Amino acid sequence: MKYFLTKILFITLITTFLVSCNAVKRVPENDYLLEKNQIFVDSTKSKDPKLYNQLYQKPNTKLLGIPFRLHLFNLTTVNKDSTYQAWLKRKPNREKRMINLFSKKQVDRLGVGLSGINEWIKKAGEPPSIVDESKIKRSIKRLQAYYWHNGWFNIDIDYKLRPEDGKRATVDYYVSPFKPYFIDSIITKIDSRVADSIYQKNTQNSTIISGKQYKTLDIDAERERLTSLFRNSGLYHFEKEYIKFNADTVNTDHKVNLNLLIKDRQITNGDSTARIPFKVHSISKVNIFTDYSFLNRNKKPADSIFYKGYNIYSYDRLKYTRKAITNSILITPGEIFRDRDRTLTYNQINNLKVFKYPNIRYDVDPNDPTGKDLIANVLLTPRKKYSANVQFDVSTSNIQAFGVGFGGSLLIRNVFRGAELLEISARGSIGSSKDAVDGSGEFFDISEVGVDFKLSFPKIIFPINTNKIIPKYMSPTSNIIFGINAQQNIGLDKQNASGIFNYQWKPSNTFTHQIDIINAQYVRNLNTGNYFNVYQNSFAQLNDIAREVLDPQSPFFVQPGGSVPNIGEATLIIPGGANGFIQQSLGTQPDPDLTTAQTQEIQTINERRVRLTEDNLIFGSNYTFTKNNKESLYDEEYSRFSVKLELTGNILNAISNLTGLNKNSNDRFEVFGVEFSQYVKTELNYVKHWDLGRKNVLAFRATGGIAIPYGNANNIPFARSFFGGGPNDNRAWSAYDLGPGSSGSKDEFNEANMKIAFNMEYRYNILGSLNGAFFIDAGNIWNVLDNVEDEAAVFSRIDDIQEIAVGSGLGLRYDFDFFILRLDVGFKTFNPANNKDQRWFKGYNFSEAVYNVGINYPF
């Protein structure tokens, strides 16, 4: 009750403070604070954001209806330094006492400091949006231009200023657009026969369509289309400025007759100008300079080679194979000039990561009297062959009280003279467990080390030529990846080895394909006896059952000093006592006091123990397709979709059957003494961002997946299963704490083989680099078609969709330009693990909230 009253008092004080703030404090007499704008189109109030975006003057930004930034601005003073001096001299002895207490210099510096704070608050705030009639008239002109560009050539716009109480006002705009104009006919006059022929063959792609309402954007799009068409059809000298559109609307009954005019190319020779027809230019030569620099621009190349029409030069010894260079050049000798070939070449060379941004120049071939041939000069500047970086961090977790991490990577370019990249990265950490901190052993008793190798080839490595299927403009890449990792005194002390061989290519800037021909992973657990020390929830359940059915002096329990322990304090020996009790309970002679429910619970505990302590061999392939229309790092409106299909264990299963390999006692094949995994898995992920303007963004994500074991397996390896919760998932639950289903998180690391998740987040700017967010997360994980039988954890019917957990909350983000620091607070809005009448809003308080710290946005 005390905490509830404290919250009520806190909210009341904050509300009272905000309400008491005088928003019109800085509004001069006879002026008005702009409360809101309203636009009426044919007397009907419009909600079209495109119209409101035309207005020059907008009200102060508000959050929950309160102009926080305006209130912040009003807290400042006009001249903080003079205010401080006036305060200092208000009482005769105040300045003298301050100087005696500090010093004259410190007193003066205090005034400077207060002035600096005042200026910082002023910049973080927002000055009052005072109604300005000159801006209203500019807004009217901008609205008229907006309608004109969309086909309304005759339009009336008026406005009305409506004063309100408290020096506030609303501005109403009244728009009468009348009847719009539509495209009627398109008449072309193209002087160049070559250009006219190209145009006539491609009219079906025109953005100007007869009968469609006139839009300037369509005219601009057609100008861009024609410029791209001509420059990709051999017209090297063509520029957008040559395209002119004239519109005739005189006595046309609201129809527009368009005239497309393209004159011949204009050239200047001294004081005279002339026009000559456009020509289709071809590439006669491609000269590639592999080690160009400003210093050697006037030198003669020392090494050269001719390959398939390409002249490859080097001012030093040539360090690249001819295929490595020519595979990245999309400008082909003998073909017509195409502007997109130059763009694709830029992209391809950048993707190599071996050269700096290239310089491509075209010159008219002096040996061609017709002036149609062009020489393409590709100037490449190599990057340094070696580059390295080092990382260092200090951390703490529930496993270690103190840890030091370190790592680094070495990048080697052009390893085999074919523009290959070899990246070698290593990471390691040493830490101190809580026991070591307490003085029970060596201080650094935890360690982890790992090494990764990645070798990338700028081509598809395959016995058959794949250029017709995957052309070189798609930036094909083959990658060989290998990594090893080992842990000591961490969990079960895993050793992990993985290997991947895959292909990647991009048909366009939007689409990406990746095929993992081989994706293999071997996981070995060295310290399986530590299982019940790691998974203490399972041990607590098992120990409670043992206390109910075993004698206190059972050899499965710890015997302190030979005395008879209290059964309520009896503890199973780890690992011998716990494993012994499981074997006895599931054997032919179980304890007679065991109930059926207890036996089932022990069976479940043992199945999970066996699954998480067994070694894993995963050998399969997968395919990933990604569509991402995000054009730049700062693009706030985009969508991204990806789908992944993974097949594992089929090849090993086929080989085992063909070779007549014997199955083990579990009726499964083993390779190198390990039961290999076999399953099919698919994952879907969709992200959509909407830019709402003024740094407001609405972000949505839908993701899901399912992995079905079959053949040589009846479950999914822990490393390939799904989990819920955490800073990038459902933020009202900690990572691995959600699900499965309504089971209530019985284990430390909850995972399953099916997942559904949705996230919605509204992001807004608070002030400066500080942003805020409201979010709703929904989702859960379940077991399906595997060896888990707990009904609460299994998705067995469509009604189980009601077990989707819902979390909501708010967050802060601070943008450091190169990364974003994020703090989110999540509340359990709907918890399927609770009783049905206790599921909604029972965890909606700060004491049960989950606090997440993350880097960058969650999606």
# chains A, B, ... in the order shown; residues from 1 in each chain; ligands from 1
call {"tool": "residues_around", "arguments": {"residues": "Gln266 of chain A", "least_positions_apart": "5", "cutoff": "7 Å", "atoms": "only C-alpha atoms", "output": "list in words"}}
result
Thr273, Ala274, Arg275 and Ile276 of chain A
call {"tool": "write_last_selection", "arguments": {"atoms": "N, CA and C atoms", "output": "compact mmCIF listing (two decimals), in the first residue's frame"}}
result
# COMPACT_ATOMS: atom_id res chain seq x y z
N THR A 273 28.60 27.76 -81.81
CA THR A 273 27.94 26.55 -81.34
C THR A 273 27.23 25.89 -82.51
N ALA A 274 27.10 24.60 -82.41
CA ALA A 274 26.43 23.83 -83.46
C ALA A 274 25.73 22.63 -82.83
N ARG A 275 24.82 22.05 -83.59
CA ARG A 275 24.12 20.86 -83.11
C ARG A 275 24.40 19.70 -84.06
N ILE A 276 24.74 18.55 -83.47
CA ILE A 276 25.01 17.35 -84.25
C ILE A 276 24.16 16.21 -83.69
call {"tool": "select_by_dssp", "arguments": {"residues": "segment 364-486 of chain A", "states": "helix (DSSP H, G or I)", "output": "list in words"}}
result
Lys434, Asp435, Ala436, Val437, Lys472, Tyr473 and Met474 of chain A
call {"tool": "write_last_selection", "arguments": {"atoms": "all heavy atoms", "output": "compact mmCIF listing (two decimals), in the first residue's frame"}}
result
# COMPACT_ATOMS: atom_id res chain seq x y z
N LYS A 434 32.23 -17.07 -8.85
CA LYS A 434 31.90 -16.57 -7.52
C LYS A 434 32.66 -17.34 -6.44
O LYS A 434 33.05 -16.80 -5.41
CB LYS A 434 30.40 -16.65 -7.30
CG LYS A 434 29.63 -15.73 -8.24
CD LYS A 434 28.13 -15.85 -8.05
CE LYS A 434 27.40 -14.91 -9.02
NZ LYS A 434 25.93 -15.01 -8.88
N ASP A 435 32.88 -18.62 -6.69
CA ASP A 435 33.64 -19.43 -5.71
C ASP A 435 35.07 -18.93 -5.60
O ASP A 435 35.64 -18.86 -4.51
CB ASP A 435 33.63 -20.90 -6.12
CG ASP A 435 32.24 -21.51 -5.99
OD1 ASP A 435 31.42 -20.96 -5.22
OD2 ASP A 435 31.97 -22.52 -6.67
N ALA A 436 35.66 -18.58 -6.74
CA ALA A 436 37.05 -18.10 -6.72
C ALA A 436 37.16 -16.77 -6.00
O ALA A 436 38.11 -16.51 -5.26
CB ALA A 436 37.58 -17.99 -8.14
N VAL A 437 36.15 -15.90 -6.21
CA VAL A 437 36.15 -14.61 -5.53
C VAL A 437 36.07 -14.80 -4.02
O VAL A 437 36.63 -14.03 -3.25
CB VAL A 437 34.98 -13.74 -6.06
CG1 VAL A 437 34.84 -12.47 -5.22
CG2 VAL A 437 35.21 -13.38 -7.51
N LYS A 472 28.47 -12.24 -63.66
CA LYS A 472 29.40 -11.58 -62.74
C LYS A 472 28.86 -10.27 -62.17
O LYS A 472 29.32 -9.82 -61.13
CB LYS A 472 30.74 -11.34 -63.43
CG LYS A 472 30.69 -10.52 -64.70
CD LYS A 472 32.08 -10.43 -65.33
CE LYS A 472 32.08 -9.60 -66.61
NZ LYS A 472 33.44 -9.52 -67.20
N TYR A 473 27.82 -9.66 -62.84
CA TYR A 473 27.27 -8.43 -62.28
C TYR A 473 26.51 -8.70 -60.97
O TYR A 473 26.17 -7.76 -60.24
CB TYR A 473 26.36 -7.73 -63.29
CG TYR A 473 25.00 -8.36 -63.48
CD1 TYR A 473 23.94 -8.07 -62.62
CD2 TYR A 473 24.74 -9.22 -64.54
CE1 TYR A 473 22.69 -8.63 -62.79
CE2 TYR A 473 23.50 -9.79 -64.73
CZ TYR A 473 22.48 -9.49 -63.85
OH TYR A 473 21.24 -10.06 -64.03
N MET A 474 26.22 -9.97 -60.66
CA MET A 474 25.53 -10.32 -59.42
C MET A 474 26.49 -10.45 -58.23
O MET A 474 26.09 -10.89 -57.15
CB MET A 474 24.76 -11.62 -59.59
CG MET A 474 23.62 -11.55 -60.58
SD MET A 474 22.68 -13.10 -60.63
CE MET A 474 21.44 -12.72 -61.86
call {"tool": "residues_around", "arguments": {"residues": "segment 728-736 of chain A", "least_positions_apart": "2", "cutoff": "6 Å", "atoms": "only C-alpha atoms", "output": "MDAnalysis selection string"}}
result
chainID A and resid 723:726 738 749:750 777 807 826:828 850 858
call {"tool": "write_last_selection", "arguments": {"atoms": "N, CA and C atoms", "output": "compact mmCIF listing (two decimals), in the first residue's frame"}}
result
# COMPACT_ATOMS: atom_id res chain seq x y z
N PHE A 723 14.36 -19.82 -28.94
CA PHE A 723 14.12 -19.37 -27.58
C PHE A 723 13.37 -18.05 -27.63
N GLY A 724 12.79 -17.66 -26.50
CA GLY A 724 12.02 -16.43 -26.42
C GLY A 724 12.54 -15.54 -25.30
N GLY A 725 12.27 -14.25 -25.43
CA GLY A 725 12.69 -13.29 -24.41
C GLY A 725 14.02 -12.66 -24.75
N GLY A 726 14.36 -11.59 -24.02
CA GLY A 726 15.64 -10.93 -24.22
C GLY A 726 15.48 -9.56 -24.88
N LEU A 738 11.12 -17.28 -21.46
CA LEU A 738 9.75 -17.37 -21.93
C LEU A 738 9.45 -18.77 -22.46
N PHE A 749 17.27 -22.49 -19.07
CA PHE A 749 17.38 -22.17 -20.49
C PHE A 749 16.24 -22.89 -21.22
N ASN A 750 15.15 -22.17 -21.43
CA ASN A 750 13.98 -22.75 -22.07
C ASN A 750 14.10 -22.59 -23.58
N ASP A 777 5.35 -6.36 -27.59
CA ASP A 777 5.96 -7.59 -28.08
C ASP A 777 5.02 -8.76 -27.80
N GLY A 807 4.02 -8.67 -24.05
CA GLY A 807 4.76 -7.73 -23.21
C GLY A 807 4.68 -6.34 -23.79
N GLY A 826 10.35 -3.65 -19.90
CA GLY A 826 9.23 -4.45 -20.37
C GLY A 826 8.38 -4.96 -19.23
N PHE A 827 7.06 -4.92 -19.43
CA PHE A 827 6.11 -5.39 -18.42
C PHE A 827 5.32 -6.57 -18.99
N LYS A 828 5.09 -7.57 -18.18
CA LYS A 828 4.31 -8.75 -18.59
C LYS A 828 2.83 -8.37 -18.65
N VAL A 850 11.22 -6.14 -16.48
CA VAL A 850 12.49 -6.64 -16.98
C VAL A 850 13.21 -5.48 -17.67
N PRO A 858 16.38 -3.08 -31.89
CA PRO A 858 16.16 -4.53 -31.86
C PRO A 858 15.76 -5.11 -33.22
call {"tool": "residues_around", "arguments": {"residues": "Ile288 of chain A", "least_positions_apart": "5", "cutoff": "8 Å", "atoms": "only C-alpha atoms", "output": "PyMOL selection string"}}
result
chain A and resi 310-313+377-380
call {"tool": "residues_around", "arguments": {"residues": "Leu633 of chain A", "least_positions_apart": "6", "cutoff": "12 Å", "atoms": "only C-alpha atoms", "output": "list in words"}}
result
Asp817, Phe818 and Phe819 of chain A
call {"tool": "write_last_selection", "arguments": {"atoms": "N, CA, C and O atoms", "output": "PDB file, in the first residue's frame"}}
result
ATOM      1  N   ASP A 817      25.828   8.412 -32.974  1.00  0.00           N
ATOM      2  CA  ASP A 817      26.173   8.443 -34.401  1.00  0.00           C
ATOM      3  C   ASP A 817      26.672   7.097 -34.898  1.00  0.00           C
ATOM      4  O   ASP A 817      26.109   6.528 -35.834  1.00  0.00           O
ATOM      5  N   PHE A 818      27.735   6.547 -34.287  1.00  0.00           N
ATOM      6  CA  PHE A 818      28.267   5.274 -34.778  1.00  0.00           C
ATOM      7  C   PHE A 818      27.611   4.074 -34.108  1.00  0.00           C
ATOM      8  O   PHE A 818      27.773   2.948 -34.557  1.00  0.00           O
ATOM      9  N   PHE A 819      26.859   4.269 -33.049  1.00  0.00           N
ATOM     10  CA  PHE A 819      26.029   3.210 -32.471  1.00  0.00           C
ATOM     11  C   PHE A 819      24.970   3.853 -31.582  1.00  0.00           C
ATOM     12  O   PHE A 819      25.037   5.040 -31.243  1.00  0.00           O
TER      13      PHE A 819
END
